[in-house]
$ cat run_33.cif   # mmCIF, C-alpha atoms
data_coords
loop_
_atom_site.label_atom_id
_atom_site.label_comp_id
_atom_site.auth_asym_id
_atom_site.auth_seq_id
_atom_site.Cartn_x
_atom_site.Cartn_y
_atom_site.Cartn_z
CA MET A 1255 -76.66 -106.53 35.05
CA ILE A 1256 -80.37 -107.13 34.97
CA ASP A 1257 -82.51 -104.69 36.92
CA LEU A 1258 -84.19 -106.82 39.58
CA SER A 1259 -87.01 -104.33 40.04
CA THR A 1260 -88.21 -105.11 36.50
CA LEU A 1261 -88.49 -108.87 37.13
CA ILE A 1262 -91.91 -110.43 37.17
CA GLU A 1263 -92.83 -113.88 38.46
CA PRO A 1264 -92.94 -115.84 35.18
CA SER A 1265 -95.51 -118.45 36.19
CA LYS A 1266 -98.00 -115.73 37.18
CA ALA A 1267 -97.45 -113.94 33.87
CA PHE A 1268 -98.01 -117.27 32.08
CA GLY A 1269 -101.31 -117.98 33.90
CA GLY A 1270 -103.57 -117.76 30.84
CA GLY A 1271 -101.11 -119.88 28.87
CA PHE A 1272 -101.61 -122.81 31.23
CA ILE A 1273 -105.36 -122.79 30.58
CA LEU A 1274 -104.84 -122.42 26.83
CA PHE A 1275 -102.54 -125.45 26.69
CA VAL A 1276 -104.99 -127.54 28.75
CA LEU A 1277 -107.63 -126.61 26.16
CA ILE A 1278 -105.33 -127.53 23.26
CA GLU A 1279 -104.44 -130.90 24.84
CA MET A 1280 -108.09 -131.65 25.55
CA VAL A 1281 -109.21 -130.95 21.97
CA TYR A 1282 -106.24 -132.89 20.55
CA ALA A 1283 -106.75 -135.83 22.93
CA ALA A 1284 -110.46 -136.01 22.11
CA ARG A 1285 -109.68 -136.30 18.41
CA LYS A 1286 -106.66 -138.60 18.61
CA GLY A 1287 -107.56 -140.58 21.73
CA THR A 1288 -104.18 -139.86 23.31
CA ALA A 1289 -105.52 -138.95 26.75
CA ARG A 1290 -108.70 -138.71 28.80
CA PHE A 1291 -110.12 -135.85 30.77
CA GLU A 1292 -112.96 -136.07 33.25
CA ALA A 1293 -115.07 -133.00 33.94
CA LYS A 1294 -114.95 -132.97 37.75
CA ASP A 1295 -111.31 -134.02 37.85
CA THR A 1296 -110.32 -131.25 35.44
CA ALA A 1297 -112.36 -128.62 37.29
CA THR A 1298 -110.88 -129.73 40.61
CA SER A 1299 -107.31 -129.63 39.33
CA ILE A 1300 -107.66 -126.13 37.92
CA PHE A 1301 -109.45 -124.95 41.06
CA MET A 1302 -106.59 -126.33 43.17
CA GLY A 1303 -104.18 -124.38 40.95
CA ILE A 1304 -106.08 -121.14 41.49
CA GLY A 1305 -106.26 -121.83 45.24
CA SER A 1306 -102.53 -122.44 45.32
CA THR A 1307 -101.91 -119.09 43.62
CA VAL A 1308 -104.22 -117.31 46.07
CA VAL A 1309 -102.54 -118.92 49.09
CA GLY A 1310 -99.14 -118.13 47.57
CA GLY A 1311 -100.19 -114.49 47.24
CA ILE A 1312 -101.19 -114.39 50.90
CA VAL A 1313 -98.18 -116.12 52.46
CA GLY A 1314 -95.61 -115.30 49.76
CA GLY A 1315 -94.98 -111.83 51.19
CA GLY A 1316 -94.03 -113.30 54.55
CA LEU A 1317 -91.66 -115.81 53.01
CA TYR A 1318 -90.05 -113.08 50.88
CA PHE A 1319 -89.59 -111.00 54.02
CA ILE A 1320 -87.75 -113.91 55.69
CA ALA A 1321 -85.62 -114.49 52.59
CA MET A 1322 -84.67 -110.80 52.47
CA TRP A 1323 -83.78 -110.88 56.14
CA VAL A 1324 -81.48 -113.86 55.54
CA TRP A 1325 -80.04 -112.04 52.52
CA GLN A 1326 -79.26 -108.92 54.51
CA GLU A 1327 -77.96 -110.65 57.63
CA TYR A 1328 -76.28 -113.85 56.51
CA ARG A 1329 -75.21 -113.72 52.86
CA ILE A 1330 -71.56 -114.60 52.28
CA THR A 1331 -71.35 -112.54 49.12
CA ASP A 1332 -73.52 -110.71 46.58
CA LEU A 1333 -73.24 -112.31 43.15
CA GLY A 1334 -75.18 -109.41 41.61
CA SER A 1335 -77.55 -109.91 38.72
CA PRO A 1336 -75.63 -110.58 35.49
CA LEU A 1337 -77.10 -113.18 33.15
CA TRP A 1338 -74.68 -115.90 34.28
CA VAL A 1339 -76.02 -115.63 37.84
CA PHE A 1340 -79.53 -116.29 36.49
CA ILE A 1341 -78.23 -119.39 34.68
CA VAL A 1342 -76.37 -120.63 37.76
CA ALA A 1343 -79.44 -119.88 39.92
CA PHE A 1344 -81.68 -121.82 37.51
CA ILE A 1345 -79.47 -124.92 37.70
CA ALA A 1346 -78.81 -124.56 41.45
CA TYR A 1347 -82.50 -124.12 42.19
CA ASP A 1348 -83.29 -127.23 40.15
CA PHE A 1349 -80.82 -129.15 42.31
CA VAL A 1350 -82.53 -127.76 45.43
CA TYR A 1351 -85.91 -128.61 43.91
CA TYR A 1352 -84.86 -132.23 43.41
CA TRP A 1353 -84.22 -132.60 47.16
CA LEU A 1354 -87.26 -130.58 48.11
CA HIS A 1355 -89.36 -132.84 45.93
CA ARG A 1356 -87.65 -136.02 47.12
CA PHE A 1357 -88.28 -135.01 50.74
CA GLY A 1358 -91.85 -134.23 49.67
CA HIS A 1359 -92.24 -137.94 49.00
CA THR A 1360 -90.16 -139.40 51.81
CA ILE A 1361 -91.02 -137.18 54.80
CA ARG A 1362 -94.69 -137.37 55.68
CA TRP A 1363 -94.81 -133.82 57.00
CA MET A 1364 -93.82 -132.59 53.53
CA TRP A 1365 -95.88 -135.25 51.77
CA ALA A 1366 -98.97 -133.83 53.53
CA ALA A 1367 -98.58 -130.74 51.37
CA HIS A 1368 -97.34 -132.41 48.17
CA VAL A 1369 -99.87 -135.27 48.08
CA ILE A 1370 -102.39 -132.87 46.54
CA HIS A 1371 -100.43 -132.86 43.29
CA HIS A 1372 -100.66 -136.66 43.09
CA SER A 1373 -104.29 -136.98 44.12
CA SER A 1374 -105.72 -137.21 40.60
CA GLN A 1375 -106.00 -140.59 38.92
CA HIS A 1376 -105.55 -138.76 35.63
CA TYR A 1377 -102.38 -137.53 34.05
CA ASN A 1378 -102.87 -134.59 31.74
CA LEU A 1379 -101.95 -130.91 31.65
CA SER A 1380 -104.70 -130.06 34.12
CA THR A 1381 -102.99 -132.37 36.63
CA ALA A 1382 -99.95 -130.07 36.51
CA LEU A 1383 -102.13 -127.30 37.92
CA ARG A 1384 -103.29 -129.40 40.89
CA GLN A 1385 -100.89 -127.67 43.28
CA THR A 1386 -100.53 -127.54 47.03
CA TRP A 1387 -102.27 -125.06 49.31
CA THR A 1388 -100.31 -125.94 52.41
CA ALA A 1389 -96.62 -125.86 51.51
CA PHE A 1390 -96.15 -122.96 53.91
CA LEU A 1391 -96.87 -125.38 56.77
CA THR A 1392 -93.78 -127.41 55.89
CA PRO A 1393 -90.06 -126.65 56.27
CA GLY A 1394 -89.60 -126.82 52.48
CA PHE A 1395 -88.89 -123.10 52.17
CA VAL A 1396 -85.78 -123.46 54.33
CA ILE A 1397 -84.15 -125.73 51.73
CA SER A 1398 -83.84 -122.78 49.31
CA LEU A 1399 -82.19 -120.47 51.84
CA PRO A 1400 -78.60 -121.73 51.28
CA LEU A 1401 -78.83 -120.23 47.78
CA VAL A 1402 -79.56 -116.86 49.39
CA ILE A 1403 -76.68 -117.29 51.81
CA LEU A 1404 -74.38 -118.14 48.89
CA GLY A 1405 -75.18 -114.78 47.33
CA ILE A 1406 -78.16 -115.21 45.00
CA HIS A 1407 -80.71 -112.46 45.53
CA PRO A 1408 -84.19 -113.71 46.61
CA MET A 1409 -85.77 -111.98 43.59
CA ILE A 1410 -83.60 -114.07 41.27
CA ILE A 1411 -84.62 -117.23 43.13
CA ILE A 1412 -88.29 -116.30 42.80
CA PHE A 1413 -87.74 -115.70 39.09
CA VAL A 1414 -86.01 -119.04 38.41
CA THR A 1415 -88.56 -120.85 40.60
CA GLY A 1416 -91.25 -119.52 38.27
CA LEU A 1417 -89.31 -120.69 35.20
CA ASN A 1418 -88.86 -124.10 36.84
CA LEU A 1419 -92.60 -124.33 37.44
CA ILE A 1420 -93.39 -123.40 33.84
CA TYR A 1421 -90.98 -126.07 32.56
CA GLN A 1422 -92.69 -128.65 34.74
CA PHE A 1423 -96.09 -127.90 33.25
CA TRP A 1424 -95.61 -129.31 29.76
CA PHE A 1425 -94.55 -132.83 30.68
CA HIS A 1426 -97.77 -133.68 32.53
CA THR A 1427 -99.15 -135.38 29.47
CA GLU A 1428 -99.71 -138.76 27.87
CA THR A 1429 -100.08 -137.09 24.49
CA ILE A 1430 -96.29 -136.96 24.01
CA ASP A 1431 -94.67 -140.39 24.06
CA LYS A 1432 -90.87 -140.00 24.07
CA MET A 1433 -88.60 -137.10 23.21
CA PRO A 1434 -85.33 -137.56 21.26
CA ALA A 1435 -82.84 -139.79 23.12
CA TRP A 1436 -80.37 -136.97 23.88
CA PHE A 1437 -83.18 -134.94 25.40
CA GLU A 1438 -84.50 -137.86 27.45
CA ALA A 1439 -80.96 -138.39 28.78
CA ILE A 1440 -80.61 -134.90 30.23
CA MET A 1441 -84.02 -133.34 30.65
CA ASN A 1442 -87.15 -134.26 32.51
CA THR A 1443 -89.77 -135.37 30.00
CA PRO A 1444 -93.37 -136.64 29.86
CA SER A 1445 -92.08 -140.22 29.92
CA HIS A 1446 -89.90 -139.68 33.01
CA HIS A 1447 -92.62 -137.82 34.85
CA ARG A 1448 -95.33 -140.38 34.04
CA VAL A 1449 -93.17 -142.78 36.04
CA HIS A 1450 -93.09 -140.27 38.90
CA HIS A 1451 -96.90 -140.03 39.01
CA ALA A 1452 -97.43 -143.79 38.80
CA THR A 1453 -98.37 -146.05 41.69
CA ASN A 1454 -97.01 -149.26 40.13
CA PRO A 1455 -94.57 -150.65 42.73
CA GLN A 1456 -91.53 -150.43 40.46
CA TYR A 1457 -92.24 -146.76 39.75
CA LEU A 1458 -92.88 -145.60 43.33
CA ASP A 1459 -90.81 -142.64 44.56
CA ARG A 1460 -88.82 -142.34 41.38
CA ASN A 1461 -87.88 -139.44 39.08
CA HIS A 1462 -88.14 -136.50 41.45
CA ALA A 1463 -86.41 -134.09 39.08
CA GLY A 1464 -87.85 -130.77 38.08
CA VAL A 1465 -86.02 -129.73 34.91
CA PHE A 1466 -82.90 -131.91 34.67
CA ILE A 1467 -83.36 -135.67 35.08
CA ILE A 1468 -79.63 -135.98 35.77
CA TRP A 1469 -80.24 -135.45 39.50
CA ASP A 1470 -82.21 -138.70 39.68
CA LYS A 1471 -79.46 -140.48 37.77
CA MET A 1472 -76.83 -139.07 40.12
CA PHE A 1473 -78.67 -139.90 43.33
CA GLY A 1474 -80.10 -143.32 42.43
CA THR A 1475 -83.76 -142.51 42.02
CA PHE A 1476 -84.06 -142.76 38.24
CA GLU A 1477 -86.43 -145.27 36.69
CA PRO A 1478 -87.14 -145.34 32.96
CA GLU A 1479 -90.68 -145.88 31.70
CA SER A 1480 -90.99 -149.50 30.66
CA ASP A 1481 -93.74 -151.46 28.93
CA GLU A 1482 -95.60 -151.43 32.25
CA LYS A 1483 -98.32 -148.82 31.77
CA PRO A 1484 -98.34 -146.30 34.61
CA ILE A 1485 -101.34 -146.30 36.93
CA TYR A 1486 -101.79 -142.79 38.24
CA GLY A 1487 -102.93 -141.54 41.61
CA LEU A 1488 -102.17 -142.57 45.16
CA ILE A 1489 -101.63 -145.94 46.82
CA ASN A 1490 -104.80 -145.13 48.75
CA ASN A 1491 -106.81 -143.02 46.34
CA ILE A 1492 -109.07 -140.31 47.65
CA GLY A 1493 -112.83 -140.49 47.22
CA THR A 1494 -113.74 -136.82 46.88
CA PHE A 1495 -113.57 -133.88 44.49
CA ASN A 1496 -113.97 -131.43 47.39
CA PRO A 1497 -110.92 -129.10 47.07
CA LEU A 1498 -110.74 -128.35 50.79
CA LYS A 1499 -110.69 -132.05 51.65
CA ILE A 1500 -108.11 -132.73 48.94
CA ALA A 1501 -105.92 -129.96 50.32
CA THR A 1502 -106.12 -131.16 53.90
CA HIS A 1503 -106.70 -134.92 53.86
CA GLU A 1504 -103.15 -136.00 54.73
CA TRP A 1505 -102.95 -133.40 57.51
CA VAL A 1506 -106.14 -134.85 58.96
CA SER A 1507 -104.67 -138.32 58.64
CA ILE A 1508 -101.52 -137.23 60.51
CA PHE A 1509 -103.68 -135.63 63.20
CA LYS A 1510 -105.63 -138.87 63.65
CA ASP A 1511 -102.37 -140.82 63.97
CA TRP A 1512 -101.15 -138.31 66.54
CA VAL A 1513 -104.28 -138.75 68.62
CA LYS A 1514 -103.94 -142.55 68.49
CA ALA A 1515 -100.20 -142.58 69.24
CA ASP A 1516 -99.33 -143.26 72.87
CA ASN A 1517 -95.89 -141.69 72.97
CA TRP A 1518 -94.06 -138.66 71.59
CA ALA A 1519 -91.42 -140.67 69.77
CA ASP A 1520 -94.12 -142.18 67.57
CA ARG A 1521 -95.77 -138.80 67.08
CA ILE A 1522 -92.49 -137.35 65.80
CA LYS A 1523 -91.94 -140.39 63.58
CA TYR A 1524 -95.42 -139.94 62.10
CA LEU A 1525 -94.13 -136.58 60.88
CA VAL A 1526 -90.62 -137.37 59.75
CA MET A 1527 -90.82 -140.96 58.57
CA PRO A 1528 -92.03 -141.79 55.04
CA PRO A 1529 -95.75 -141.92 54.24
CA GLY A 1530 -97.07 -145.38 55.14
CA TRP A 1531 -94.86 -145.75 58.21
CA SER A 1532 -96.57 -147.04 61.35
CA PRO A 1533 -95.10 -148.14 64.70
CA ASP A 1534 -96.36 -151.72 64.31
CA GLY A 1535 -95.51 -152.01 60.62
CA SER A 1536 -99.13 -152.64 59.73
CA ARG A 1537 -99.02 -150.12 56.90
CA LYS A 1538 -96.64 -150.07 54.00
CA THR A 1539 -94.21 -147.44 52.79
CA SER A 1540 -93.24 -147.13 49.12
CA LYS A 1541 -89.93 -148.81 49.92
CA MET A 1542 -91.73 -151.80 51.46
CA LEU A 1543 -94.11 -152.05 48.50
CA ARG A 1544 -91.26 -151.97 46.01
CA SER A 1545 -89.31 -154.52 48.01
CA GLU A 1546 -92.31 -156.89 48.04
CA TRP A 1547 -92.75 -156.40 44.32
CA GLU A 1548 -89.05 -157.09 43.65
CA LYS A 1549 -89.22 -160.29 45.70
CA ALA A 1550 -92.31 -161.37 43.77
CA GLN A 1551 -90.51 -160.64 40.48
CA THR A 1552 -87.45 -162.63 41.59
CA ALA A 1553 -89.62 -165.57 42.66
CA LYS A 1554 -91.44 -165.41 39.35
CA SER A 1555 -88.23 -165.43 37.30
CA LEU A 1556 -86.80 -168.31 39.40
CA GLY A 1557 -90.04 -170.20 38.80
CA ASN A 1558 -89.76 -169.57 35.08
CA LYS A 1559 -86.16 -170.83 35.06
CA ALA A 1560 -87.17 -173.94 36.94
CA THR A 1561 -89.84 -174.76 34.38
CA GLU A 1562 -87.50 -174.13 31.40
CA MET B 1100 -109.58 -105.06 40.97
CA ASP B 1101 -107.25 -106.62 38.42
CA GLN B 1102 -106.79 -109.66 40.67
CA ILE B 1103 -110.54 -110.10 41.14
CA PHE B 1104 -110.97 -109.94 37.37
CA GLN B 1105 -108.26 -112.60 36.93
CA LEU B 1106 -109.93 -114.79 39.53
CA ALA B 1107 -113.31 -114.43 37.82
CA LEU B 1108 -111.72 -115.26 34.48
CA SER B 1109 -110.10 -118.36 35.99
CA LEU B 1110 -113.43 -119.54 37.34
CA VAL B 1111 -115.01 -119.08 33.92
CA ALA B 1112 -112.12 -121.12 32.45
CA ILE B 1113 -112.84 -123.92 34.94
CA VAL B 1114 -116.49 -124.07 33.95
CA LEU B 1115 -115.72 -124.00 30.22
CA LEU B 1116 -113.03 -126.68 30.39
CA ALA B 1117 -115.18 -128.92 32.58
CA LEU B 1118 -118.07 -128.52 30.14
CA LEU B 1119 -115.81 -129.32 27.22
CA ALA B 1120 -114.50 -132.43 29.01
CA LYS B 1121 -118.10 -133.47 29.62
CA ILE B 1122 -118.92 -132.99 25.93
CA TYR B 1123 -115.88 -134.93 24.71
CA TRP B 1124 -116.12 -137.74 27.27
CA PRO B 1125 -119.84 -137.90 28.12
CA LYS B 1126 -120.23 -141.58 28.87
CA PRO B 1127 -121.16 -142.23 32.49
CA TRP B 1128 -118.73 -144.65 34.06
CA THR B 1129 -120.02 -147.86 35.52
CA LEU B 1130 -118.54 -150.96 37.07
CA ASP B 1131 -118.86 -154.60 36.25
CA LYS B 1132 -117.33 -157.53 38.09
CA ASP B 1133 -114.31 -157.72 35.78
CA ARG B 1134 -113.60 -154.05 36.24
CA VAL B 1135 -113.79 -154.41 40.01
CA ARG B 1136 -111.37 -157.34 39.89
CA ARG B 1137 -108.96 -155.44 37.66
CA ALA B 1138 -109.14 -152.41 39.93
CA PHE B 1139 -108.27 -154.54 42.97
CA ASP B 1140 -105.48 -156.23 41.06
CA ARG B 1141 -103.96 -152.81 40.57
CA SER B 1142 -104.56 -151.32 44.01
CA ASP B 1143 -104.32 -154.38 46.28
CA TYR B 1144 -102.55 -157.02 44.24
CA ASP B 1145 -102.36 -159.39 47.21
CA VAL B 1146 -106.11 -159.74 47.73
CA ASN B 1147 -108.14 -162.66 46.47
CA ILE B 1148 -111.73 -161.80 45.71
CA ARG B 1149 -114.27 -164.52 46.41
CA GLU B 1150 -117.49 -162.71 45.64
CA ILE B 1151 -118.60 -159.33 44.27
CA CYS B 1152 -121.95 -157.60 44.94
CA LEU B 1153 -122.71 -154.70 42.61
CA ASP B 1154 -125.46 -152.24 43.46
CA THR B 1155 -128.19 -151.35 40.94
CA SER B 1156 -126.44 -148.18 39.78
CA ASN B 1157 -123.38 -150.28 38.90
CA THR B 1158 -121.20 -147.60 40.44
CA ALA B 1159 -120.36 -149.32 43.73
CA ALA B 1160 -119.50 -152.84 44.76
CA LEU B 1161 -118.71 -154.78 47.90
CA ALA B 1162 -116.34 -157.70 47.65
CA LYS B 1163 -115.82 -160.69 49.91
CA LEU B 1164 -112.11 -161.43 50.25
CA ASP B 1165 -110.10 -164.42 51.36
CA ASP B 1166 -108.84 -162.14 54.09
CA THR B 1167 -111.63 -162.36 56.67
CA ASP B 1168 -110.44 -159.27 58.52
CA ALA B 1169 -111.36 -157.05 55.59
CA ILE B 1170 -113.83 -156.58 52.79
CA GLY B 1171 -113.33 -154.86 49.49
CA TYR B 1172 -115.18 -151.74 48.47
CA ALA B 1173 -114.88 -150.32 44.97
CA PHE B 1174 -116.70 -147.35 43.52
CA ALA B 1175 -116.70 -145.39 40.30
CA PHE B 1176 -114.94 -142.11 40.95
CA GLY B 1177 -115.38 -139.94 37.90
CA ASP B 1178 -114.15 -142.20 35.13
CA ARG B 1179 -111.79 -144.11 37.43
CA VAL B 1180 -112.28 -146.68 40.14
CA THR B 1181 -111.27 -146.17 43.76
CA CYS B 1182 -110.82 -149.23 45.96
CA ARG B 1183 -110.70 -149.66 49.69
CA ARG B 1184 -109.88 -152.64 51.84
CA LEU B 1185 -112.15 -152.05 54.82
CA THR B 1186 -111.80 -153.43 58.30
CA THR B 1187 -114.29 -152.91 61.13
CA ASP B 1188 -112.36 -149.79 62.19
CA ASP B 1189 -113.05 -148.23 58.81
CA ILE B 1190 -116.81 -148.51 59.15
CA LYS B 1191 -118.73 -146.24 61.52
CA SER B 1192 -122.21 -147.65 60.96
CA ILE B 1193 -124.29 -149.82 58.68
CA HIS B 1194 -128.03 -149.27 58.26
CA SER B 1195 -130.10 -151.68 56.25
CA LYS B 1196 -133.73 -151.33 55.21
CA GLU B 1197 -135.54 -153.36 52.55
CA ASN B 1198 -133.12 -153.55 49.60
CA HIS B 1199 -131.07 -150.60 50.73
CA ILE B 1200 -127.85 -150.41 52.74
CA ASP B 1201 -126.32 -147.17 54.03
CA ILE B 1202 -122.71 -147.38 55.19
CA LYS B 1203 -120.91 -144.58 56.98
CA PHE B 1204 -117.12 -144.75 56.80
CA SER B 1205 -114.37 -143.49 59.06
CA ASP B 1206 -112.72 -141.89 56.06
CA TYR B 1207 -112.19 -138.15 55.64
CA THR B 1208 -112.46 -138.24 51.84
CA LEU B 1209 -115.26 -140.77 51.73
CA ASN B 1210 -118.00 -140.22 54.26
CA SER B 1211 -120.81 -142.57 53.33
CA ARG B 1212 -122.41 -144.61 50.58
CA ASP B 1213 -125.95 -145.71 49.87
CA PHE B 1214 -126.32 -149.03 48.11
CA ASP B 1215 -129.56 -150.00 46.38
CA PHE B 1216 -130.02 -153.59 45.34
CA ALA B 1217 -132.46 -154.98 42.79
CA ASP B 1218 -133.89 -157.57 45.13
CA SER B 1219 -133.66 -158.85 48.66
CA ALA B 1220 -131.42 -161.77 47.67
CA ARG B 1221 -128.74 -159.43 46.34
CA CYS B 1222 -129.11 -157.15 49.34
CA GLN B 1223 -128.71 -160.14 51.65
CA ALA B 1224 -125.62 -161.22 49.71
CA ALA B 1225 -124.12 -157.76 50.30
CA LEU B 1226 -125.00 -157.94 53.99
CA ASP B 1227 -123.31 -161.33 54.10
CA VAL B 1228 -120.18 -159.76 52.66
CA LEU B 1229 -120.32 -157.05 55.31
CA SER B 1230 -120.78 -159.59 58.06
CA THR B 1231 -117.51 -161.29 57.10
CA ILE B 1232 -115.55 -158.51 58.76
CA LYS B 1233 -117.19 -159.17 62.06
CA ALA B 1234 -119.37 -156.09 61.67
CA GLY B 1235 -122.17 -157.68 63.60
CA ASP B 1236 -122.00 -155.01 66.25
CA LYS B 1237 -122.78 -152.29 63.74
CA ASP B 1238 -126.22 -150.67 63.82
CA GLN B 1239 -129.18 -152.59 62.47
CA LEU B 1240 -127.20 -155.09 60.49
#
$ encode --input "run_33.cif" --output "structure tokens"
Amino acid sequence: MIDLSTLIEPSKAFGGGFILFVLIEMVYAARKGTARFEAKDTATSIFMGIGSTVVGGIVGGGLYFIAMWVWQEYRITDLGSPLWVFIVAFIAYDFVYYWLHRFGHTIRWMWAAHVIHHSSQHYNLSTALRQTWTAFLTPGFVISLPLVILGIHPMIIIFVTGLNLIYQFWFHTETIDKMPAWFEAIMNTPSHHRVHHATNPQYLDRNHAGVFIIWDKMFGTFEPESDEKPIYGLINNIGTFNPLKIATHEWVSIFKDWVKADNWADRIKYLVMPPGWSPDGSRKTSKMLRSEWEKAQTAKSLGNKATE
Amino acid sequence: MDQIFQLALSLVAIVLLALLAKIYWPKPWTLDKDRVRRAFDRSDYDVNIREICLDTSNTAALAKLDDTDAIGYAFAFGDRVTCRRLTTDDIKSIHSKENHIDIKFSDYTLNSRDFDFADSARCQAALDVLSTIKAGDKDQL
């Protein structure tokens, strides 16, 4: 049994390490030309990371209180704290994370919080630190509660969440091309996650995994990195380095849509439908963009066959 | 106290890393017509650009499109390019004086932009681009 009172949140303990690795990547990239950093972009990303930690510190206590209440009132069993429970919790949380992340891209309410992480047009280790400030405004937290009900103590979930976050840091890089094939097959890697951050139509809303890429393979959202170089950022890129605007821009956008909407059904859909949804279909969701791209590819290949 | 120290240390780290990035990648980023076209190819692959007007700083451009309900706007954002397809609803006001145009946008992350043009002909060309989206009712156009 591991004494839960001795557990620390790993990602907080690793804080200085994140900065050190950004520094190492920057120096390496400058010498080898493997990546680019931009001063304001880097500063903004790290600032967003610090802001996320501060917000987490403020609201985290409240969320822990809720989780403990669920634990005390609704747990089916208590699995205790032997090492195997930590391993099971790590894998189970990664499964939960996959869905949390997938919903973060397909439900606009959750996208409003997650979009921050995708708002840089760069992809380097500093991008990993560009984290949300507003996740507490979404129902994302609820998705983890079944693990508590199934008997995993909230402290263990917090611990494995931290480990999950640390794992996700290293693959935000263009400096590493591909990992060994066996590793690429099971684990999330820089190559898989570059696809996730890309706005190229064929890459949109793909590779939502945290640690294990197998979830994407199981649930049909896996896309390997092809010769098509990823273009990072958003479909509609932001035009500011102001952290407050970055943190809130999609919320403002939702609010504007709410004001314009003339019925409650549309207002609810603006929250629960995918980003890009509009009542008149004048905007495009990722699914629509990919579908258009696939049709264009098919037409192109038919054209090529016809000319052969 | 410990948390305030950590926060201060983090802010120092931001400044140092940003400075280092500036030292390693110092070149200011500018646009040219090819870059604007490439940027639109990536962000709005279905647009056809007919004409591009770059301002004197070479960091912002207006583009006339085949689509007459919209114009293109591209600007250097750090070392990347951000593009917008603007309709009349996206523009709050346009002020023009001598070789200068000031556009205010209805965009939370992009409030306004001042364009300076080398001469009146180029400024007029940019105004012509703006007029293609039926922006004639905007201020002082």
$ resolve_selection --input "run_33.cif" --expression "the PyMOL selection byres ((chain B and resi 1118) around 12)" --output "list in words"
Leu1277, Met1280, Phe1291, Glu1292, Ala1293, Lys1294, Asp1295, Thr1296 and Ala1297 of chain A; Val1111, Ala1112, Ile1113, Val1114, Leu1115, Leu1116, Ala1117, Leu1119, Ala1120, Lys1121, Ile1122, Tyr1123, Trp1124 and Pro1125 of chain B
$ write_last_selection --input "run_33.cif" --atoms "C-alpha atoms" --output "PDB file, in the coordinates of the input"
ATOM      1  CA  LEU A1277    -107.630-126.610  26.160  1.00  0.00           C
ATOM      2  CA  MET A1280    -108.090-131.650  25.550  1.00  0.00           C
ATOM      3  CA  PHE A1291    -110.120-135.850  30.770  1.00  0.00           C
ATOM      4  CA  GLU A1292    -112.960-136.070  33.250  1.00  0.00           C
ATOM      5  CA  ALA A1293    -115.070-133.000  33.940  1.00  0.00           C
ATOM      6  CA  LYS A1294    -114.950-132.970  37.750  1.00  0.00           C
ATOM      7  CA  ASP A1295    -111.310-134.020  37.850  1.00  0.00           C
ATOM      8  CA  THR A1296    -110.320-131.250  35.440  1.00  0.00           C
ATOM      9  CA  ALA A1297    -112.360-128.620  37.290  1.00  0.00           C
TER      10      ALA A1297
ATOM     11  CA  VAL B1111    -115.010-119.080  33.920  1.00  0.00           C
ATOM     12  CA  ALA B1112    -112.120-121.120  32.450  1.00  0.00           C
ATOM     13  CA  ILE B1113    -112.840-123.920  34.940  1.00  0.00           C
ATOM     14  CA  VAL B1114    -116.490-124.070  33.950  1.00  0.00           C
ATOM     15  CA  LEU B1115    -115.720-124.000  30.220  1.00  0.00           C
ATOM     16  CA  LEU B1116    -113.030-126.680  30.390  1.00  0.00           C
ATOM     17  CA  ALA B1117    -115.180-128.920  32.580  1.00  0.00           C
ATOM     18  CA  LEU B1119    -115.810-129.320  27.220  1.00  0.00           C
ATOM     19  CA  ALA B1120    -114.500-132.430  29.010  1.00  0.00           C
ATOM     20  CA  LYS B1121    -118.100-133.470  29.620  1.00  0.00           C
ATOM     21  CA  ILE B1122    -118.920-132.990  25.930  1.00  0.00           C
ATOM     22  CA  TYR B1123    -115.880-134.930  24.710  1.00  0.00           C
ATOM     23  CA  TRP B1124    -116.120-137.740  27.270  1.00  0.00           C
ATOM     24  CA  PRO B1125    -119.840-137.900  28.120  1.00  0.00           C
TER      25      PRO B1125
END
$ atom_distance --input "run_33.cif" --atom1 "CA of Pro1478 (chain A)" --atom2 "CA of Trp1547 (chain A)"
16.8 Å
$ residues_around --input "run_33.cif" --residues "region 1131-1147 of chain B" --least-positions-apart "3" --cutoff "10 Å" --atoms "only C-alpha atoms" --output "NGL selection string"
(:A and (1453-1455 or 1485 or 1488-1491 or 1547)) or (:B and (1150-1153 or 1157-1166 or 1169-1175 or 1179-1184))
$ atom_distance --input "run_33.cif" --atom1 "CA of Ile1370 (chain A)" --atom2 "CA of Arg1384 (chain A)"
6.7 Å
$ closest_residue --input "run_33.cif" --among "B:Thr1187, B:Ser1109, B:Thr1155, B:Gln1102" --to "Ile1202 (chain B)" --atoms "all atoms listed in the file"
B:Thr1187
$ residues_around --input "run_33.cif" --residues "Tyr1377 (chain A)" --least-positions-apart "3" --cutoff "12 Å" --atoms "all atoms listed in the file" --output "ChimeraX atom specification"
/A:1276,1279-1280,1288-1292,1295-1296,1299,1371-1374,1380-1384,1423-1430,1444-1445,1447-1452,1484-1487 /B:1179
$ closest_residue --input "run_33.cif" --among "A:Pro1264, A:Pro1393, A:Pro1400, A:Gly1270" --to "chain B" --atoms "only C-alpha atoms"
A:Gly1270
$ resolve_selection --input "run_33.cif" --expression "the PyMOL selection byres ((chain A and resi 1344) around 12)" --output "PyMOL selection string"
chain A and resi 1337-1343+1345-1351+1401+1406+1410-1419+1421+1464-1466
$ atom_distance --input "run_33.cif" --atom1 "CA of Gly1530 (chain A)" --atom2 "CA of Asn1442 (chain A)"
27.1 Å
$ resolve_selection --input "run_33.cif" --expression "the PyMOL selection byres ((chain A and resi 1510-1521) around 12)" --output "ChimeraX atom specification"
/A:1362-1363,1503-1509,1522-1527,1529-1534 /B:1205-1207
